[in-house]
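Novice: Please read through the structure below; I'll follow up with questions.
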Amino acid sequence: MVFSHGSFMDNTMFDPQLDHFAARGWHCVSYNSRALTHPDEIHTLADLADQCIAVADAYVPGPFVLCGMSVGAFMAIELALSRPERIAAMILIDGKAAAYSDDESTALAPIFAPLDTDGPMPADFANWLAPMCFGATTCAENPALVARWIERWTTRIPARSAHRQYRSWIDKADRRPDLGRIAIPTLILHGAEDIPTPLAHSEAMAAAMPNASLVVVPRAGHTSNLEQSDFVNTQIEQFLDRAVLAGRSNA
C-alpha cells in the first residue's frame, strides 16, 4: 500500500493507517511529496504521479494499492488514467475530479501568495487553515490533534512547500469526463464536515466511476483519515478484503 498525503500535510498524516495495516501484514509506504523534498521547485500533478510510481518501483514492480488524500487523490486520478495497470485498488480521501473554478482561483490567490517565501508556515495562515482541514467536531472534541498539526505547520512545514502544493492543483484539469474510463476498484471516503471539498464532488465521482463506492465519514472534515481513523481503517480493510484479497483467493 502506497499513501500519498494532502496539501499542508506530510507522510505522518497516515500513521494511523500504517500502524493498522502493517499489523495485518500489508507492506505500507507513506512518503513525502516533492513539495516537501524540493520546496523551491514548481511541479504539476503529473510530476507527483511520476514520483508516486518511482516510490512504488522501489518496493514492488507490479500493481499496488494507492491511497491518496486531497492533492494525493487528485494525483491518484491522474495516475489511474495514465498507468491503470500499476494500481490494484485505489482509495480516494476527500478529493475531487473537477477543476477549480475561476471564482475559486481568484479567492485563493491572495491567501496563498504570501506563502512563496522562506521560513515555516506563518501562524496566521496555520490558524486559518485549521478549520479548513479539520471538521467542527474535531476542533471541538479533539483540540490536541488540531494543536499538534498547527505546531507542525509552523515549525516543520516550509511556507514555500505549501505554496508549491497549491500551485500543483489550482489549475488542474477537469477529469470528470474521464472518470468512466477508470475501472480500478475504488473506495471514496469523504468527511461529512469537509468545508473545502463539498460532498457533492465525491458523490459525482462515485456515480461516474464504474467500480467505485462512496462512504461518508461521520464527524470528520477534510482530513477524515486522521479525525476518525478507526472508522476509516475499518472501511479500508473491508474494501481491501472485497477488492484485493478476495480476488487473490479466487485466482
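Identifiers in the C-alpha cells: chain A, B, ... in order shown; residue index from 1 per chain; ligand index from 1 in order shown.
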Where in region 1-183 of chain A does DSSP assign strand (DSSP E), given as a short mmCIF file (atom, residue, chain, number, x, y, z; two decimals) with N, CA and C atoms, in the first residue's frame?
Specialist:
```
data_model
loop_
_atom_site.label_atom_id
_atom_site.label_comp_id
_atom_site.auth_asym_id
_atom_site.auth_seq_id
_atom_site.Cartn_x
_atom_site.Cartn_y
_atom_site.Cartn_z
N VAL A 2 0.59 2.15 -0.92
CA VAL A 2 1.34 3.40 -1.03
C VAL A 2 0.39 4.55 -0.69
N PHE A 3 0.82 5.41 0.23
CA PHE A 3 0.00 6.51 0.73
C PHE A 3 0.58 7.85 0.28
N SER A 4 -0.27 8.69 -0.32
CA SER A 4 0.15 10.00 -0.81
C SER A 4 -0.64 11.08 -0.08
N VAL A 29 3.82 2.04 2.66
CA VAL A 29 4.79 3.10 2.40
C VAL A 29 4.05 4.44 2.35
N SER A 30 4.43 5.35 3.21
CA SER A 30 3.92 6.72 3.16
C SER A 30 5.12 7.64 2.95
N TYR A 31 5.07 8.45 1.93
CA TYR A 31 6.24 9.24 1.55
C TYR A 31 5.90 10.73 1.50
N PHE A 64 -0.05 -2.09 -7.11
CA PHE A 64 -0.08 -1.75 -5.69
C PHE A 64 -1.39 -1.06 -5.37
N VAL A 65 -1.72 -1.02 -4.09
CA VAL A 65 -2.89 -0.28 -3.62
C VAL A 65 -2.45 1.15 -3.37
N LEU A 66 -3.17 2.10 -3.96
CA LEU A 66 -2.82 3.52 -3.83
C LEU A 66 -3.89 4.23 -3.02
N CYS A 67 -3.46 4.91 -1.97
CA CYS A 67 -4.36 5.71 -1.14
C CYS A 67 -3.89 7.16 -1.18
N GLY A 68 -4.73 8.05 -1.70
CA GLY A 68 -4.37 9.45 -1.79
C GLY A 68 -5.41 10.33 -1.12
N MET A 69 -4.93 11.33 -0.39
CA MET A 69 -5.82 12.26 0.30
C MET A 69 -5.68 13.65 -0.31
N ILE A 87 -2.10 -0.04 -10.69
CA ILE A 87 -2.90 0.14 -9.48
C ILE A 87 -3.88 -1.01 -9.33
N ALA A 88 -3.74 -1.76 -8.25
CA ALA A 88 -4.63 -2.89 -7.98
C ALA A 88 -5.96 -2.41 -7.40
N ALA A 89 -5.91 -1.39 -6.59
CA ALA A 89 -7.10 -0.80 -5.99
C ALA A 89 -6.73 0.61 -5.55
N MET A 90 -7.75 1.46 -5.40
CA MET A 90 -7.49 2.87 -5.13
C MET A 90 -8.44 3.37 -4.05
N ILE A 91 -7.89 4.19 -3.16
CA ILE A 91 -8.67 4.81 -2.09
C ILE A 91 -8.49 6.32 -2.22
N LEU A 92 -9.57 7.03 -2.44
CA LEU A 92 -9.55 8.48 -2.60
C LEU A 92 -10.20 9.11 -1.37
N ILE A 93 -9.43 9.92 -0.65
CA ILE A 93 -9.92 10.54 0.58
C ILE A 93 -10.07 12.04 0.37
#
```
Novice: Excluding same-chain residues fewer than 6 positions from Pro198 (chain A), what lies within 10 Å of it counting only C-alpha atoms, as a list in words?
Specialist: Asp94, Gly95, Lys96, His190, Gly191, Ala192, Gly221 and His222 of chain A
Novice: Just N, CA and C atoms for this one: save the residues we selected as a PDB file, in the first residue's frame.
Specialist:
```
ATOM      1  N   ASP A  94     -11.314  12.505   0.451  1.00  0.00           N
ATOM      2  CA  ASP A  94     -11.615  13.939   0.377  1.00  0.00           C
ATOM      3  C   ASP A  94     -10.951  14.597  -0.835  1.00  0.00           C
ATOM      4  N   GLY A  95     -11.163  13.990  -1.984  1.00  0.00           N
ATOM      5  CA  GLY A  95     -10.640  14.535  -3.231  1.00  0.00           C
ATOM      6  C   GLY A  95     -11.759  14.969  -4.152  1.00  0.00           C
ATOM      7  N   LYS A  96     -11.377  15.320  -5.387  1.00  0.00           N
ATOM      8  CA  LYS A  96     -12.381  15.664  -6.394  1.00  0.00           C
ATOM      9  C   LYS A  96     -11.750  15.553  -7.766  1.00  0.00           C
ATOM     10  N   HIS A 190     -15.201  10.361   2.307  1.00  0.00           N
ATOM     11  CA  HIS A 190     -15.405  11.811   2.353  1.00  0.00           C
ATOM     12  C   HIS A 190     -15.947  12.217   3.715  1.00  0.00           C
ATOM     13  N   GLY A 191     -15.252  13.162   4.353  1.00  0.00           N
ATOM     14  CA  GLY A 191     -15.686  13.661   5.645  1.00  0.00           C
ATOM     15  C   GLY A 191     -16.998  14.424   5.547  1.00  0.00           C
ATOM     16  N   ALA A 192     -17.928  14.101   6.434  1.00  0.00           N
ATOM     17  CA  ALA A 192     -19.239  14.747   6.406  1.00  0.00           C
ATOM     18  C   ALA A 192     -19.156  16.242   6.680  1.00  0.00           C
ATOM     19  N   GLY A 221     -13.828  16.170   9.023  1.00  0.00           N
ATOM     20  CA  GLY A 221     -13.691  17.178   7.992  1.00  0.00           C
ATOM     21  C   GLY A 221     -12.806  16.696   6.853  1.00  0.00           C
ATOM     22  N   HIS A 222     -11.918  17.570   6.378  1.00  0.00           N
ATOM     23  CA  HIS A 222     -11.121  17.294   5.189  1.00  0.00           C
ATOM     24  C   HIS A 222     -10.059  16.222   5.432  1.00  0.00           C
TER      25      HIS A 222
END
```
Novice: Could you make a table, as a tab-separated table, of the residues of region 26-76 of chain A that have an atom within 12 Å of an atom of region 97-112 of chain A, each with its nearest atom pair and distance in Å to one decimal, counting only C-alpha atoms, in chain and number order?
Specialist:
```
residue	atom	partner	partner_atom	distance
A:Ser70	CA	A:Ala97	CA	10.4
A:Val71	CA	A:Ala97	CA	10.5
A:Gly72	CA	A:Ala97	CA	11.8
A:Ala73	CA	A:Ala97	CA	8.7
A:Phe74	CA	A:Ala97	CA	6.7
A:Met75	CA	A:Ala97	CA	9.9
A:Ala76	CA	A:Ala97	CA	10.2
```
Novice: Within 9 Å of region 163-166 of chain A, which residues of region 107-126 of chain A show up? Give each one with its shortest atom-to-atom distance in Å (one decimal) and the two atoms involved, counting only C-alpha atoms, rows by chain then rising residue number, as CSV.
Specialist:
```
residue,atom,partner,partner_atom,distance
A:Phe112,CA,A:His163,CA,6.2
A:Ala113,CA,A:His163,CA,7.3
A:Pro114,CA,A:His163,CA,8.4
A:Leu115,CA,A:His163,CA,5.4
A:Asp116,CA,A:His163,CA,5.7
A:Thr117,CA,A:His163,CA,8.6
```
Novice: Can I get the residues of region 164-186 of chain A within 7 Å of region 210-217 of chain A, each with the closest pair of atoms and their distance in Å to one decimal, using only C-alpha atoms, sorted chain first then ascending number, as CSV?
Specialist:
```
residue,atom,partner,partner_atom,distance
A:Gly180,CA,A:Pro210,CA,6.2
A:Ala183,CA,A:Asn211,CA,5.5
A:Ile184,CA,A:Asn211,CA,6.4
A:Pro185,CA,A:Asn211,CA,5.1
A:Thr186,CA,A:Ala212,CA,4.5
```
Novice: Any chance you can output those residues with C-alpha atoms as a compact mmCIF listing (two decimals), in the first residue's frame?
Specialist:
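Full text of again_9.txt as output:
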```
# COMPACT_ATOMS: atom_id res chain seq x y z
CA GLY A 180 -15.83 6.42 -16.78
CA ALA A 183 -12.37 0.61 -13.84
CA ILE A 184 -9.98 0.12 -10.92
CA PRO A 185 -11.79 -0.93 -7.71
CA THR A 186 -12.08 2.36 -5.84
```
Novice: Can you tell me which residues surround Arg148 (chain A) at a distance of at most 12 Å, considering only C-alpha atoms, apart from same-chain residues fewer than 4 positions away, and format the answer as an mmCIF file with N, CA and C atoms, in the first residue's frame?
Specialist:
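Generated file (part-v7.cif):
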```cif
data_model
loop_
_atom_site.group_PDB
_atom_site.id
_atom_site.type_symbol
_atom_site.label_atom_id
_atom_site.label_comp_id
_atom_site.auth_asym_id
_atom_site.auth_seq_id
_atom_site.Cartn_x
_atom_site.Cartn_y
_atom_site.Cartn_z
ATOM 1 N N MET A 9 0.134 18.786 4.544
ATOM 2 C CA MET A 9 0.405 17.656 5.421
ATOM 3 C C MET A 9 1.755 17.036 5.044
ATOM 4 N N THR A 12 3.436 11.719 7.771
ATOM 5 C CA THR A 12 2.954 11.256 9.071
ATOM 6 C C THR A 12 1.437 11.287 9.184
ATOM 7 N N MET A 13 0.751 11.928 8.244
ATOM 8 C CA MET A 13 -0.705 12.009 8.358
ATOM 9 C C MET A 13 -1.358 10.636 8.208
ATOM 10 N N ALA A 126 -1.666 29.223 9.415
ATOM 11 C CA ALA A 126 -1.942 27.945 10.076
ATOM 12 C C ALA A 126 -3.264 28.000 10.834
ATOM 13 N N ALA A 130 -6.532 25.568 9.941
ATOM 14 C CA ALA A 130 -7.004 24.507 10.837
ATOM 15 C C ALA A 130 -8.474 24.145 10.624
ATOM 16 N N PHE A 134 -9.693 20.446 9.466
ATOM 17 C CA PHE A 134 -10.342 19.633 10.487
ATOM 18 C C PHE A 134 -11.796 20.061 10.657
ATOM 19 N N CYS A 139 -12.429 19.909 15.929
ATOM 20 C CA CYS A 139 -11.960 21.146 16.564
ATOM 21 C C CYS A 139 -12.510 21.274 17.983
ATOM 22 N N ASN A 142 -11.451 17.228 19.837
ATOM 23 C CA ASN A 142 -10.074 16.731 19.815
ATOM 24 C C ASN A 142 -9.114 17.885 19.502
ATOM 25 N N PRO A 143 -9.127 18.917 20.340
ATOM 26 C CA PRO A 143 -8.267 20.072 20.067
ATOM 27 C C PRO A 143 -6.780 19.725 20.095
ATOM 28 N N ALA A 144 -6.403 18.640 20.784
ATOM 29 C CA ALA A 144 -4.990 18.258 20.829
ATOM 30 C C ALA A 144 -4.492 17.872 19.444
ATOM 31 N N ARG A 152 3.060 21.630 13.991
ATOM 32 C CA ARG A 152 3.855 21.031 12.911
ATOM 33 C C ARG A 152 3.945 21.995 11.714
ATOM 34 N N TRP A 153 2.817 22.610 11.368
ATOM 35 C CA TRP A 153 2.813 23.547 10.246
ATOM 36 C C TRP A 153 3.761 24.721 10.491
ATOM 37 N N THR A 154 3.783 25.227 11.694
ATOM 38 C CA THR A 154 4.539 26.448 11.972
ATOM 39 C C THR A 154 5.990 26.183 12.360
ATOM 40 N N THR A 155 6.392 24.921 12.460
ATOM 41 C CA THR A 155 7.775 24.616 12.807
ATOM 42 C C THR A 155 8.468 23.699 11.806
ATOM 43 N N ARG A 156 7.693 22.869 11.077
ATOM 44 C CA ARG A 156 8.327 21.856 10.232
ATOM 45 C C ARG A 156 7.935 21.929 8.757
ATOM 46 N N LEU A 226 -7.450 11.041 9.582
ATOM 47 C CA LEU A 226 -6.856 11.373 10.877
ATOM 48 C C LEU A 226 -7.922 11.575 11.945
#
```
Novice: Kindly give the distance, in Å, that separates CA of Arg167 (chain A) and CA of Met205 (chain A), rounded to a single decimal.
Specialist: 23.1 Å
Novice: Would you mind writing down, as a ChimeraX atom specification, each residue of region 153-238 of chain A that DSSP on the backbone assigns to helix (DSSP H, G or I)?
Specialist: /A:153-155,159-170,176-181,199-208,224-227,229-238
Novice: Taking only residues of region 79-151 of chain A that have an atom at most 12 Å from an atom of region 33-57 of chain A, what is each one's shortest atom pair and its distance in Å to one decimal, using only C-alpha atoms, in chain and number order, as CSV?
Specialist:
```
residue,atom,partner,partner_atom,distance
A:Leu79,CA,A:Ala49,CA,5.7
A:Ala80,CA,A:Ala49,CA,9.4
A:Leu81,CA,A:Ala49,CA,10.6
A:Ser82,CA,A:Ala49,CA,9.1
A:Arg83,CA,A:Ile53,CA,9.0
A:Pro84,CA,A:Ile53,CA,11.4
A:Glu85,CA,A:Ile53,CA,11.5
A:Arg86,CA,A:Ile53,CA,8.3
A:Ile87,CA,A:Ile53,CA,9.9
A:Leu115,CA,A:Pro39,CA,11.3
A:Asp116,CA,A:Asp40,CA,9.1
A:Thr117,CA,A:Asp40,CA,9.6
A:Asp118,CA,A:Asp40,CA,9.5
A:Gly119,CA,A:Pro39,CA,11.0
A:Pro120,CA,A:Pro39,CA,11.4
```
Novice: At a cut-off of 7 Å, using only C-alpha atoms, what residues contact region 16-27 of chain A? Leave out same-chain residues fewer than 4 positions from it and give the result as a count of residues only.
Specialist: 3
Novice: One number please: CA of Ala136 (chain A) to CA of Phe14 (chain A), in Å, one decimal.
Specialist: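 The value is 20.6 Å.
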Novice: So how far away is CA of His5 (chain A) from CA of Trp169 (chain A), in Å?
Specialist: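 Between these atoms lies a distance of 13.5 Å.
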